[in-house]
Every structure is written in C-alpha cells, then in structure tokens.
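Structure file start-v5.cif (mmCIF, C-alpha atoms, pLDDT in the B column; chains and numbers go by the auth columns) follows.
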data_final
loop_
_atom_site.group_PDB
_atom_site.id
_atom_site.type_symbol
_atom_site.label_atom_id
_atom_site.label_comp_id
_atom_site.label_asym_id
_atom_site.label_seq_id
_atom_site.Cartn_x
_atom_site.Cartn_y
_atom_site.Cartn_z
_atom_site.B_iso_or_equiv
_atom_site.auth_seq_id
_atom_site.auth_asym_id
ATOM 1 C CA MET A 1 -24.008 -33.041 8.188 49.00 1 O
ATOM 2 C CA THR A 2 -26.599 -32.288 5.546 61.00 2 O
ATOM 3 C CA ASP A 3 -26.499 -30.251 2.380 88.00 3 O
ATOM 4 C CA GLU A 4 -29.331 -28.314 3.915 93.00 4 O
ATOM 5 C CA ALA A 5 -26.954 -26.985 6.573 94.00 5 O
ATOM 6 C CA GLN A 6 -24.398 -26.022 3.895 96.00 6 O
ATOM 7 C CA ASP A 7 -27.148 -24.197 1.987 96.00 7 O
ATOM 8 C CA ARG A 8 -28.217 -22.320 5.090 96.00 8 O
ATOM 9 C CA ILE A 9 -24.619 -21.308 5.815 97.00 9 O
ATOM 10 C CA ARG A 10 -24.075 -20.189 2.225 97.00 10 O
ATOM 11 C CA ASN A 11 -27.255 -18.123 2.263 96.00 11 O
ATOM 12 C CA ALA A 12 -26.267 -16.546 5.580 97.00 12 O
ATOM 13 C CA VAL A 13 -22.730 -15.524 4.562 97.00 13 O
ATOM 14 C CA GLU A 14 -23.878 -14.235 1.177 96.00 14 O
ATOM 15 C CA SER A 15 -26.760 -12.165 2.530 96.00 15 O
ATOM 16 C CA THR A 16 -24.891 -10.535 5.432 96.00 16 O
ATOM 17 C CA ASP A 17 -22.028 -8.052 5.048 96.00 17 O
ATOM 18 C CA VAL A 18 -20.279 -8.958 8.292 97.00 18 O
ATOM 19 C CA LEU A 19 -21.219 -12.264 9.883 98.00 19 O
ATOM 20 C CA LEU A 20 -19.588 -13.868 12.901 98.00 20 O
ATOM 21 C CA PHE A 21 -20.193 -17.512 13.744 98.00 21 O
ATOM 22 C CA MET A 22 -19.617 -17.705 17.490 98.00 22 O
ATOM 23 C CA LYS A 23 -20.413 -19.534 20.701 97.00 23 O
ATOM 24 C CA GLY A 24 -23.060 -17.550 22.570 97.00 24 O
ATOM 25 C CA THR A 25 -24.161 -14.013 21.797 98.00 25 O
ATOM 26 C CA PRO A 26 -22.322 -10.672 21.732 97.00 26 O
ATOM 27 C CA LEU A 27 -23.771 -9.888 25.176 97.00 27 O
ATOM 28 C CA PHE A 28 -23.089 -13.353 26.562 97.00 28 O
ATOM 29 C CA PRO A 29 -20.226 -14.983 24.696 96.00 29 O
ATOM 30 C CA GLN A 30 -19.673 -18.561 25.867 96.00 30 O
ATOM 31 C CA CYS A 31 -15.991 -18.830 24.993 92.00 31 O
ATOM 32 C CA GLY A 32 -12.950 -16.590 25.365 92.00 32 O
ATOM 33 C CA PHE A 33 -12.130 -16.715 21.657 94.00 33 O
ATOM 34 C CA SER A 34 -15.663 -15.686 20.679 96.00 34 O
ATOM 35 C CA SER A 35 -15.547 -12.926 23.271 97.00 35 O
ATOM 36 C CA ARG A 36 -12.340 -11.605 21.735 97.00 36 O
ATOM 37 C CA ALA A 37 -13.832 -11.647 18.228 98.00 37 O
ATOM 38 C CA VAL A 38 -16.878 -9.662 19.403 98.00 38 O
ATOM 39 C CA ALA A 39 -14.639 -7.143 21.172 98.00 39 O
ATOM 40 C CA ILE A 40 -12.677 -6.539 17.968 98.00 40 O
ATOM 41 C CA LEU A 41 -15.829 -5.961 15.888 97.00 41 O
ATOM 42 C CA ASP A 42 -17.244 -3.657 18.562 96.00 42 O
ATOM 43 C CA ARG A 43 -13.987 -1.694 18.618 96.00 43 O
ATOM 44 C CA LEU A 44 -14.133 -1.304 14.852 95.00 44 O
ATOM 45 C CA GLY A 45 -17.656 0.082 15.179 94.00 45 O
ATOM 46 C CA VAL A 46 -18.933 -2.067 12.362 94.00 46 O
ATOM 47 C CA ASN A 47 -22.467 -3.369 11.935 94.00 47 O
ATOM 48 C CA TYR A 48 -22.382 -7.128 12.223 96.00 48 O
ATOM 49 C CA GLN A 49 -24.622 -10.080 12.820 97.00 49 O
ATOM 50 C CA THR A 50 -23.848 -13.248 14.674 98.00 50 O
ATOM 51 C CA VAL A 51 -24.873 -16.887 14.527 98.00 51 O
ATOM 52 C CA ASP A 52 -24.779 -18.774 17.826 98.00 52 O
ATOM 53 C CA VAL A 53 -23.519 -22.216 16.836 97.00 53 O
ATOM 54 C CA LEU A 54 -24.423 -23.577 20.279 97.00 54 O
ATOM 55 C CA GLN A 55 -28.082 -23.218 19.275 97.00 55 O
ATOM 56 C CA ASP A 56 -27.723 -25.308 16.129 96.00 56 O
ATOM 57 C CA ALA A 57 -25.701 -28.542 15.990 95.00 57 O
ATOM 58 C CA ALA A 58 -25.965 -28.777 12.185 95.00 58 O
ATOM 59 C CA ILE A 59 -24.488 -25.311 11.738 96.00 59 O
ATOM 60 C CA ARG A 60 -21.850 -25.955 14.400 95.00 60 O
ATOM 61 C CA GLN A 61 -20.541 -28.976 12.470 94.00 61 O
ATOM 62 C CA GLY A 62 -21.357 -27.645 9.008 96.00 62 O
ATOM 63 C CA ILE A 63 -19.470 -24.377 9.315 96.00 63 O
ATOM 64 C CA LYS A 64 -16.228 -26.259 9.976 94.00 64 O
ATOM 65 C CA GLN A 65 -16.561 -28.057 6.642 94.00 65 O
ATOM 66 C CA PHE A 66 -17.892 -25.017 4.822 96.00 66 O
ATOM 67 C CA SER A 67 -14.800 -22.996 5.747 96.00 67 O
ATOM 68 C CA ASP A 68 -12.331 -25.883 6.069 93.00 68 O
ATOM 69 C CA TRP A 69 -11.591 -24.376 9.466 95.00 69 O
ATOM 70 C CA PRO A 70 -11.714 -26.409 12.676 93.00 70 O
ATOM 71 C CA THR A 71 -12.684 -23.865 15.286 94.00 71 O
ATOM 72 C CA ILE A 72 -15.249 -21.232 16.241 96.00 72 O
ATOM 73 C CA PRO A 73 -15.405 -18.190 15.990 97.00 73 O
ATOM 74 C CA GLN A 74 -15.270 -17.594 12.251 98.00 74 O
ATOM 75 C CA LEU A 75 -15.619 -14.229 10.546 98.00 75 O
ATOM 76 C CA TYR A 76 -17.109 -13.701 7.104 98.00 76 O
ATOM 77 C CA VAL A 77 -17.069 -10.360 5.291 97.00 77 O
ATOM 78 C CA LYS A 78 -19.170 -10.053 2.131 96.00 78 O
ATOM 79 C CA GLY A 79 -19.253 -13.813 1.733 95.00 79 O
ATOM 80 C CA GLU A 80 -15.499 -14.254 2.127 95.00 80 O
ATOM 81 C CA PHE A 81 -13.940 -16.189 5.011 97.00 81 O
ATOM 82 C CA VAL A 82 -11.533 -13.910 6.861 97.00 82 O
ATOM 83 C CA GLY A 83 -10.376 -16.182 9.679 96.00 83 O
ATOM 84 C CA GLY A 84 -10.728 -17.035 13.340 96.00 84 O
ATOM 85 C CA SER A 85 -10.033 -14.887 16.370 96.00 85 O
ATOM 86 C CA ASP A 86 -6.220 -15.107 16.137 95.00 86 O
ATOM 87 C CA ILE A 87 -6.235 -13.857 12.557 96.00 87 O
ATOM 88 C CA MET A 88 -8.802 -11.197 13.463 97.00 88 O
ATOM 89 C CA MET A 89 -6.533 -9.966 16.254 96.00 89 O
ATOM 90 C CA GLU A 90 -3.426 -9.954 14.055 93.00 90 O
ATOM 91 C CA MET A 91 -5.276 -8.100 11.301 95.00 91 O
ATOM 92 C CA TYR A 92 -6.851 -5.668 13.744 96.00 92 O
ATOM 93 C CA GLU A 93 -3.508 -4.795 15.320 96.00 93 O
ATOM 94 C CA ALA A 94 -1.934 -4.326 11.891 94.00 94 O
ATOM 95 C CA GLY A 95 -4.832 -2.107 10.744 95.00 95 O
ATOM 96 C CA GLU A 96 -5.627 -4.656 8.040 94.00 96 O
ATOM 97 C CA LEU A 97 -9.117 -5.458 9.256 95.00 97 O
ATOM 98 C CA GLU A 98 -10.110 -1.826 8.965 94.00 98 O
ATOM 99 C CA THR A 99 -8.612 -1.731 5.468 95.00 99 O
ATOM 100 C CA LEU A 100 -10.457 -4.883 4.471 95.00 100 O
ATOM 101 C CA LEU A 101 -13.787 -3.509 5.663 95.00 101 O
ATOM 102 C CA ALA A 102 -13.187 -0.246 3.821 94.00 102 O
ATOM 103 C CA GLU A 103 -12.185 -2.036 0.623 94.00 103 O
ATOM 104 C CA LYS A 104 -15.283 -4.200 0.803 93.00 104 O
ATOM 105 C CA GLY A 105 -17.420 -1.111 1.330 91.00 105 O
ATOM 106 C CA VAL A 106 -18.829 -2.192 4.664 91.00 106 O
ATOM 107 C CA ALA A 107 -20.856 0.447 6.491 76.00 107 O
ATOM 108 C CA ARG A 108 -19.474 1.686 9.784 77.00 108 O
ATOM 109 C CA GLU A 109 -21.372 3.138 12.698 69.00 109 O
ATOM 110 C CA GLY A 110 -20.733 6.836 13.310 55.00 110 O
ATOM 111 C CA MET B 1 -9.046 -34.059 27.131 52.00 1 K
ATOM 112 C CA ALA B 2 -5.707 -32.414 26.740 71.00 2 K
ATOM 113 C CA MET B 3 -2.480 -32.725 24.797 83.00 3 K
ATOM 114 C CA ALA B 4 1.092 -32.362 25.938 89.00 4 K
ATOM 115 C CA ALA B 5 3.009 -29.379 24.571 91.00 5 K
ATOM 116 C CA GLU B 6 5.717 -31.683 23.178 93.00 6 K
ATOM 117 C CA ASP B 7 3.120 -33.620 21.189 93.00 7 K
ATOM 118 C CA ILE B 8 1.718 -30.452 19.641 95.00 8 K
ATOM 119 C CA SER B 9 5.202 -29.281 18.738 96.00 9 K
ATOM 120 C CA ARG B 10 6.178 -32.674 17.291 96.00 10 K
ATOM 121 C CA LEU B 11 3.046 -32.949 15.125 96.00 11 K
ATOM 122 C CA ILE B 12 3.549 -29.474 13.697 97.00 12 K
ATOM 123 C CA ARG B 13 7.186 -30.215 12.881 97.00 13 K
ATOM 124 C CA GLU B 14 6.229 -33.515 11.242 97.00 14 K
ATOM 125 C CA GLY B 15 3.767 -31.683 8.984 97.00 15 K
ATOM 126 C CA ILE B 16 5.987 -28.646 8.363 97.00 16 K
ATOM 127 C CA PRO B 17 9.573 -29.912 8.550 96.00 17 K
ATOM 128 C CA ASP B 18 11.305 -26.522 8.649 96.00 18 K
ATOM 129 C CA ALA B 19 8.957 -25.158 11.319 97.00 19 K
ATOM 130 C CA VAL B 20 10.316 -23.581 14.467 97.00 20 K
ATOM 131 C CA VAL B 21 7.630 -24.059 17.109 97.00 21 K
ATOM 132 C CA GLU B 22 7.308 -22.297 20.452 96.00 22 K
ATOM 133 C CA ILE B 23 4.522 -23.530 22.690 95.00 23 K
ATOM 134 C CA THR B 24 3.317 -21.661 25.762 94.00 24 K
ATOM 135 C CA ASP B 25 0.980 -23.317 28.251 91.00 25 K
ATOM 136 C CA LEU B 26 -1.208 -20.295 28.898 88.00 26 K
ATOM 137 C CA ALA B 27 -3.136 -21.501 31.908 84.00 27 K
ATOM 138 C CA GLY B 28 -0.722 -24.106 33.225 83.00 28 K
ATOM 139 C CA ASP B 29 -3.456 -26.708 32.815 81.00 29 K
ATOM 140 C CA GLY B 30 -2.156 -28.563 29.757 80.00 30 K
ATOM 141 C CA ASP B 31 -5.255 -27.502 27.841 81.00 31 K
ATOM 142 C CA HIS B 32 -4.842 -23.858 26.814 87.00 32 K
ATOM 143 C CA TYR B 33 -1.831 -23.231 24.638 92.00 33 K
ATOM 144 C CA ALA B 34 -0.352 -20.554 22.472 94.00 34 K
ATOM 145 C CA ALA B 35 1.825 -21.606 19.541 96.00 35 K
ATOM 146 C CA ARG B 36 4.187 -19.449 17.505 97.00 36 K
ATOM 147 C CA VAL B 37 5.140 -21.250 14.326 97.00 37 K
ATOM 148 C CA THR B 38 7.849 -19.914 12.061 97.00 38 K
ATOM 149 C CA SER B 39 8.318 -21.437 8.606 97.00 39 K
ATOM 150 C CA ALA B 40 9.452 -20.425 5.135 96.00 40 K
ATOM 151 C CA ARG B 41 6.468 -22.350 3.745 96.00 41 K
ATOM 152 C CA PHE B 42 4.132 -19.561 4.865 96.00 42 K
ATOM 153 C CA ARG B 43 5.683 -17.160 2.380 96.00 43 K
ATOM 154 C CA GLY B 44 3.208 -15.828 -0.142 95.00 44 K
ATOM 155 C CA LEU B 45 0.226 -17.466 1.570 95.00 45 K
ATOM 156 C CA PRO B 46 -2.689 -15.567 3.066 94.00 46 K
ATOM 157 C CA ARG B 47 -3.022 -15.929 6.848 94.00 47 K
ATOM 158 C CA VAL B 48 -5.919 -18.335 6.536 96.00 48 K
ATOM 159 C CA ARG B 49 -3.789 -20.718 4.449 96.00 49 K
ATOM 160 C CA GLN B 50 -0.864 -20.367 6.876 96.00 50 K
ATOM 161 C CA HIS B 51 -3.060 -21.398 9.768 96.00 51 K
ATOM 162 C CA GLN B 52 -4.624 -24.199 7.727 95.00 52 K
ATOM 163 C CA LEU B 53 -1.160 -25.685 7.134 96.00 53 K
ATOM 164 C CA VAL B 54 -0.664 -25.867 10.900 96.00 54 K
ATOM 165 C CA TYR B 55 -4.154 -27.284 11.466 95.00 55 K
ATOM 166 C CA ASP B 56 -3.510 -29.891 8.757 95.00 56 K
ATOM 167 C CA ALA B 57 -0.322 -30.892 10.540 96.00 57 K
ATOM 168 C CA LEU B 58 -2.342 -31.370 13.712 95.00 58 K
ATOM 169 C CA GLY B 59 -4.468 -33.845 11.781 92.00 59 K
ATOM 170 C CA GLY B 60 -7.969 -33.014 12.967 88.00 60 K
ATOM 171 C CA ARG B 61 -7.078 -32.616 16.635 91.00 61 K
ATOM 172 C CA MET B 62 -7.685 -28.890 16.513 90.00 62 K
ATOM 173 C CA GLY B 63 -11.165 -28.181 17.797 83.00 63 K
ATOM 174 C CA GLY B 64 -11.240 -31.724 19.191 84.00 64 K
ATOM 175 C CA VAL B 65 -8.753 -32.905 21.827 86.00 65 K
ATOM 176 C CA LEU B 66 -6.910 -29.664 21.274 86.00 66 K
ATOM 177 C CA HIS B 67 -9.564 -27.207 22.297 78.00 67 K
ATOM 178 C CA ALA B 68 -7.719 -23.985 22.855 84.00 68 K
ATOM 179 C CA LEU B 69 -4.660 -23.177 20.771 91.00 69 K
ATOM 180 C CA GLN B 70 -3.920 -19.546 20.116 93.00 70 K
ATOM 181 C CA LEU B 71 -1.940 -19.579 16.894 95.00 71 K
ATOM 182 C CA THR B 72 0.535 -17.099 15.461 95.00 72 K
ATOM 183 C CA THR B 73 2.282 -17.845 12.188 96.00 73 K
ATOM 184 C CA ILE B 74 5.512 -16.106 11.219 96.00 74 K
ATOM 185 C CA ILE B 75 7.168 -16.195 7.817 95.00 75 K
ATOM 186 C CA ALA B 76 10.778 -17.302 8.132 93.00 76 K
ATOM 187 C CA ASP B 77 13.507 -15.529 6.216 85.00 77 K
ATOM 188 C CA GLN B 78 14.559 -17.561 3.211 66.00 78 K
ATOM 189 C CA PRO B 79 17.638 -19.669 3.918 57.00 79 K
#

I'd like the structure from this file rewritten - as structure tokens, please.
Amino acid sequence: MTDEAQDRIRNAVESTDVLLFMKGTPLFPQCGFSSRAVAILDRLGVNYQTVDVLQDAAIRQGIKQFSDWPTIPQLYVKGEFVGGSDIMMEMYEAGELETLLAEKGVAREG
Amino acid sequence: MAMAAEDISRLIREGIPDAVVEITDLAGDGDHYAARVTSARFRGLPRVRQHQLVYDALGGRMGGVLHALQLTTIIADQP
C-alpha cells in the first residue's frame, strides 16, 4: 500500500458528503453486504457517491488501513467513518442514521 | 476458505473474556455466519469501536478466511 492511495482516500472522503466504498456499483453490487448498504442509502433518499474497490486494488487494500476496518462496504459521512453494513442497518432501524445525516446537514432528495 | 463456528466463538471469547457469543451458520455452508456478541466491555463505546473489539479478537481473519460475518454487538448489563 502506498501513501498515494491513503491521500486519494483522504481526498475522496473529505470532498464528498456521503461516500460509500463498495464492491461493484449501486446498479450492480457484487456482494450482498454492499447491496444492503446501497439499499439503505436509497431508502434514506440521500445523495451519495460510491467507490468501486474492485476497480482499484490500491484503494481496496488502503481503505482497510485508512479506517482500521477489515471489510467492505464502508460508509463515510462528511469525512467521518460511520461503519460497515451491519452498523448501517442497526443505525437505520434505530432511526440513528437519519439523525446523523440531519445533524451533519446532508442534503436529502425530495 | 472457511472457519468453523466453534473457532469463531472461541477466538472472540479469548479476546473478550466476558463475551457471550451466539453464532448462526446463515447458509449452512460453514462460510456465511451471523454473530451476536454480548459483553459489558462495549459499554460507552461507539458501535464502530464495539465491532473493532470483536474484529481485533478475530486477529485479522475478518475479511480474510472469514469472509462473511454479520455482526451484532450487545451491551451486557453490568454484573
């Protein structure tokens, strides 16, 4: 892993309000956990961007060290690591994800 | 690669001695598990830190030999 990958990850999470590192794309997720994460964000009606780690080996390895988190998907909101798909689901069901997005001032789709 | 449910449970309990661990083999294939881990050590920690304690106990296997582990952490009542 290179510092260059860490820099790219840092730039990405800091320049994007809601960023999901996932396997595949929202239309074609390549893993059940990533699919679940996308479904939660879609349900919340939030604008988000994704990074397909399958397209970039340096990011795929680097994000695990960046977050100190061993698995994909990983959700970042306003530069802060929120968690993986289990935490997203727990927070969504408890209404906490919605609260977090509101507190962080993230724009929602109508 | 896969791990046996007993091994997952044992590793978690070695890392978090008071943990109560329930493992469910979701697909019956020894490769897709759900774990419910209850411990007093989770108290006061954000969810990310709770999960990281479990991942630390699994010593780097998570995301490697242990590909699919759905994790739920529960804060135990204080003894």

Fill in: Spatial neighbours of stretch 9-15 of chain O, 7 Å, only C-alpha atoms, chain gap at least 5 places, as a PyMOL selection string
chain O and resi 63+76+78-79

Counting all atoms listed in the file, what are the residues of chain K within 10 Å of chain O, and for each of them which pair of atoms is the nearest and at what distance in Å, to one decimal? Sort the table by chain and rising number, as JSON lines.
{"residue": "K:Pro46", "atom": "CA", "partner": "O:Val82", "partner_atom": "CA", "distance": 9.8}
{"residue": "K:Arg47", "atom": "CA", "partner": "O:Ile87", "partner_atom": "CA", "distance": 6.9}
{"residue": "K:Val48", "atom": "CA", "partner": "O:Gly83", "partner_atom": "CA", "distance": 5.9}
{"residue": "K:Arg49", "atom": "CA", "partner": "O:Gly83", "partner_atom": "CA", "distance": 9.6}
{"residue": "K:His51", "atom": "CA", "partner": "O:Ile87", "partner_atom": "CA", "distance": 8.6}
{"residue": "K:Gln52", "atom": "CA", "partner": "O:Trp69", "partner_atom": "CA", "distance": 7.2}
{"residue": "K:Tyr55", "atom": "CA", "partner": "O:Pro70", "partner_atom": "CA", "distance": 7.7}
{"residue": "K:Asp56", "atom": "CA", "partner": "O:Pro70", "partner_atom": "CA", "distance": 9.7}
{"residue": "K:Gly60", "atom": "CA", "partner": "O:Pro70", "partner_atom": "CA", "distance": 7.6}
{"residue": "K:Arg61", "atom": "CA", "partner": "O:Pro70", "partner_atom": "CA", "distance": 8.7}
{"residue": "K:Met62", "atom": "CA", "partner": "O:Pro70", "partner_atom": "CA", "distance": 6.1}
{"residue": "K:Gly63", "atom": "CA", "partner": "O:Thr71", "partner_atom": "CA", "distance": 5.2}
{"residue": "K:Gly64", "atom": "CA", "partner": "O:Pro70", "partner_atom": "CA", "distance": 8.4}
{"residue": "K:His67", "atom": "CA", "partner": "O:Thr71", "partner_atom": "CA", "distance": 8.4}
{"residue": "K:Ala68", "atom": "CA", "partner": "O:Phe33", "partner_atom": "CA", "distance": 8.6}
{"residue": "K:Leu69", "atom": "CA", "partner": "O:Asp86", "partner_atom": "CA", "distance": 9.4}
{"residue": "K:Gln70", "atom": "CA", "partner": "O:Asp86", "partner_atom": "CA", "distance": 6.4}
{"residue": "K:Leu71", "atom": "CA", "partner": "O:Asp86", "partner_atom": "CA", "distance": 6.2}
{"residue": "K:Thr72", "atom": "CA", "partner": "O:Asp86", "partner_atom": "CA", "distance": 7.1}
{"residue": "K:Thr73", "atom": "CA", "partner": "O:Ile87", "partner_atom": "CA", "distance": 9.4}

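If you measure from each of O:Gln49, O:Asp42, O:Asp17, O:Thr25 to O:Ala102 using all atoms listed in the file, the closest one turns out to be O:Asp17.
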
Worksheet entry | Straight-line distance linking atom CA of K:Glu14 with atom CA of K:Leu58, stated in Å to one decimal | 9.2 Å

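One distance worth recording is that between atom CA of O:Val53 and atom CA of K:Ala5, which is 28.5 Å.
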
Item to complete: Could you state which residues are captured by the PyMOL selection byres ((chain O and resi 45) around 10) in this file, as number ranges by chain?
Response: O: 39-44, 46-48, 98, 107-110

Response to the item:
What separates atom CA of K:Asp29 and atom CA of K:Ala2 is a distance of 8.6 Å

Practice prompt. List every protein, DNA or RNA residue that has an atom no more than 12 Å from (2.9, -20.1, 3.2) in the file's coordinate frame, counting all atoms listed in the file, and report them as a ChimeraX atom specification.
Written response: /K:16,18-19,37-54,73-78

Worksheet item: Given the file above and the PyMOL selection byres ((chain O and resi 55) around 12), which residues are selected, and can you give them as an MDAnalysis selection string?
Response: chainID O and resid 21:25 30 50:54 56:61

Those residues with C-alpha atoms, as a compact mmCIF listing (two decimals), keeping the file's coordinate frame please?
# COMPACT_ATOMS: atom_id res chain seq x y z
CA PHE O 21 -20.19 -17.51 13.74
CA MET O 22 -19.62 -17.70 17.49
CA LYS O 23 -20.41 -19.53 20.70
CA GLY O 24 -23.06 -17.55 22.57
CA THR O 25 -24.16 -14.01 21.80
CA GLN O 30 -19.67 -18.56 25.87
CA THR O 50 -23.85 -13.25 14.67
CA VAL O 51 -24.87 -16.89 14.53
CA ASP O 52 -24.78 -18.77 17.83
CA VAL O 53 -23.52 -22.22 16.84
CA LEU O 54 -24.42 -23.58 20.28
CA ASP O 56 -27.72 -25.31 16.13
CA ALA O 57 -25.70 -28.54 15.99
CA ALA O 58 -25.96 -28.78 12.18
CA ILE O 59 -24.49 -25.31 11.74
CA ARG O 60 -21.85 -25.96 14.40
CA GLN O 61 -20.54 -28.98 12.47

Output requested as a CSV table (one decimal), in the frame of the given file - stretch 19-31 of chain O, filled out with N, CA and C atoms.
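Result saved to result_3.csv:
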chain,number,residue,atom,x,y,z
O,19,LEU,N,-20.5,-11.2,9.1
O,19,LEU,CA,-21.2,-12.3,9.9
O,19,LEU,C,-20.2,-13.0,10.7
O,20,LEU,N,-20.5,-13.1,12.0
O,20,LEU,CA,-19.6,-13.9,12.9
O,20,LEU,C,-20.3,-15.1,13.4
O,21,PHE,N,-19.7,-16.3,13.1
O,21,PHE,CA,-20.2,-17.5,13.7
O,21,PHE,C,-19.5,-17.6,15.1
O,22,MET,N,-20.2,-17.7,16.2
O,22,MET,CA,-19.6,-17.7,17.5
O,22,MET,C,-20.3,-18.6,18.4
O,23,LYS,N,-19.7,-18.8,19.6
O,23,LYS,CA,-20.4,-19.5,20.7
O,23,LYS,C,-21.0,-18.5,21.6
O,24,GLY,N,-22.4,-18.5,21.7
O,24,GLY,CA,-23.1,-17.6,22.6
O,24,GLY,C,-23.5,-16.3,21.7
O,25,THR,N,-23.7,-15.2,22.4
O,25,THR,CA,-24.2,-14.0,21.8
O,25,THR,C,-23.2,-12.9,22.1
O,26,PRO,N,-23.2,-11.8,21.4
O,26,PRO,CA,-22.3,-10.7,21.7
O,26,PRO,C,-22.4,-10.2,23.2
O,27,LEU,N,-23.6,-10.3,23.8
O,27,LEU,CA,-23.8,-9.9,25.2
O,27,LEU,C,-23.3,-11.0,26.1
O,28,PHE,N,-23.5,-12.2,25.7
O,28,PHE,CA,-23.1,-13.4,26.6
O,28,PHE,C,-22.3,-14.4,25.8
O,29,PRO,N,-21.1,-14.0,25.4
O,29,PRO,CA,-20.2,-15.0,24.7
O,29,PRO,C,-19.9,-16.2,25.6
O,30,GLN,N,-19.9,-17.4,25.0
O,30,GLN,CA,-19.7,-18.6,25.9
O,30,GLN,C,-18.3,-19.1,25.7
O,31,CYS,N,-17.3,-18.3,25.2
O,31,CYS,CA,-16.0,-18.8,25.0
O,31,CYS,C,-15.1,-17.6,24.9
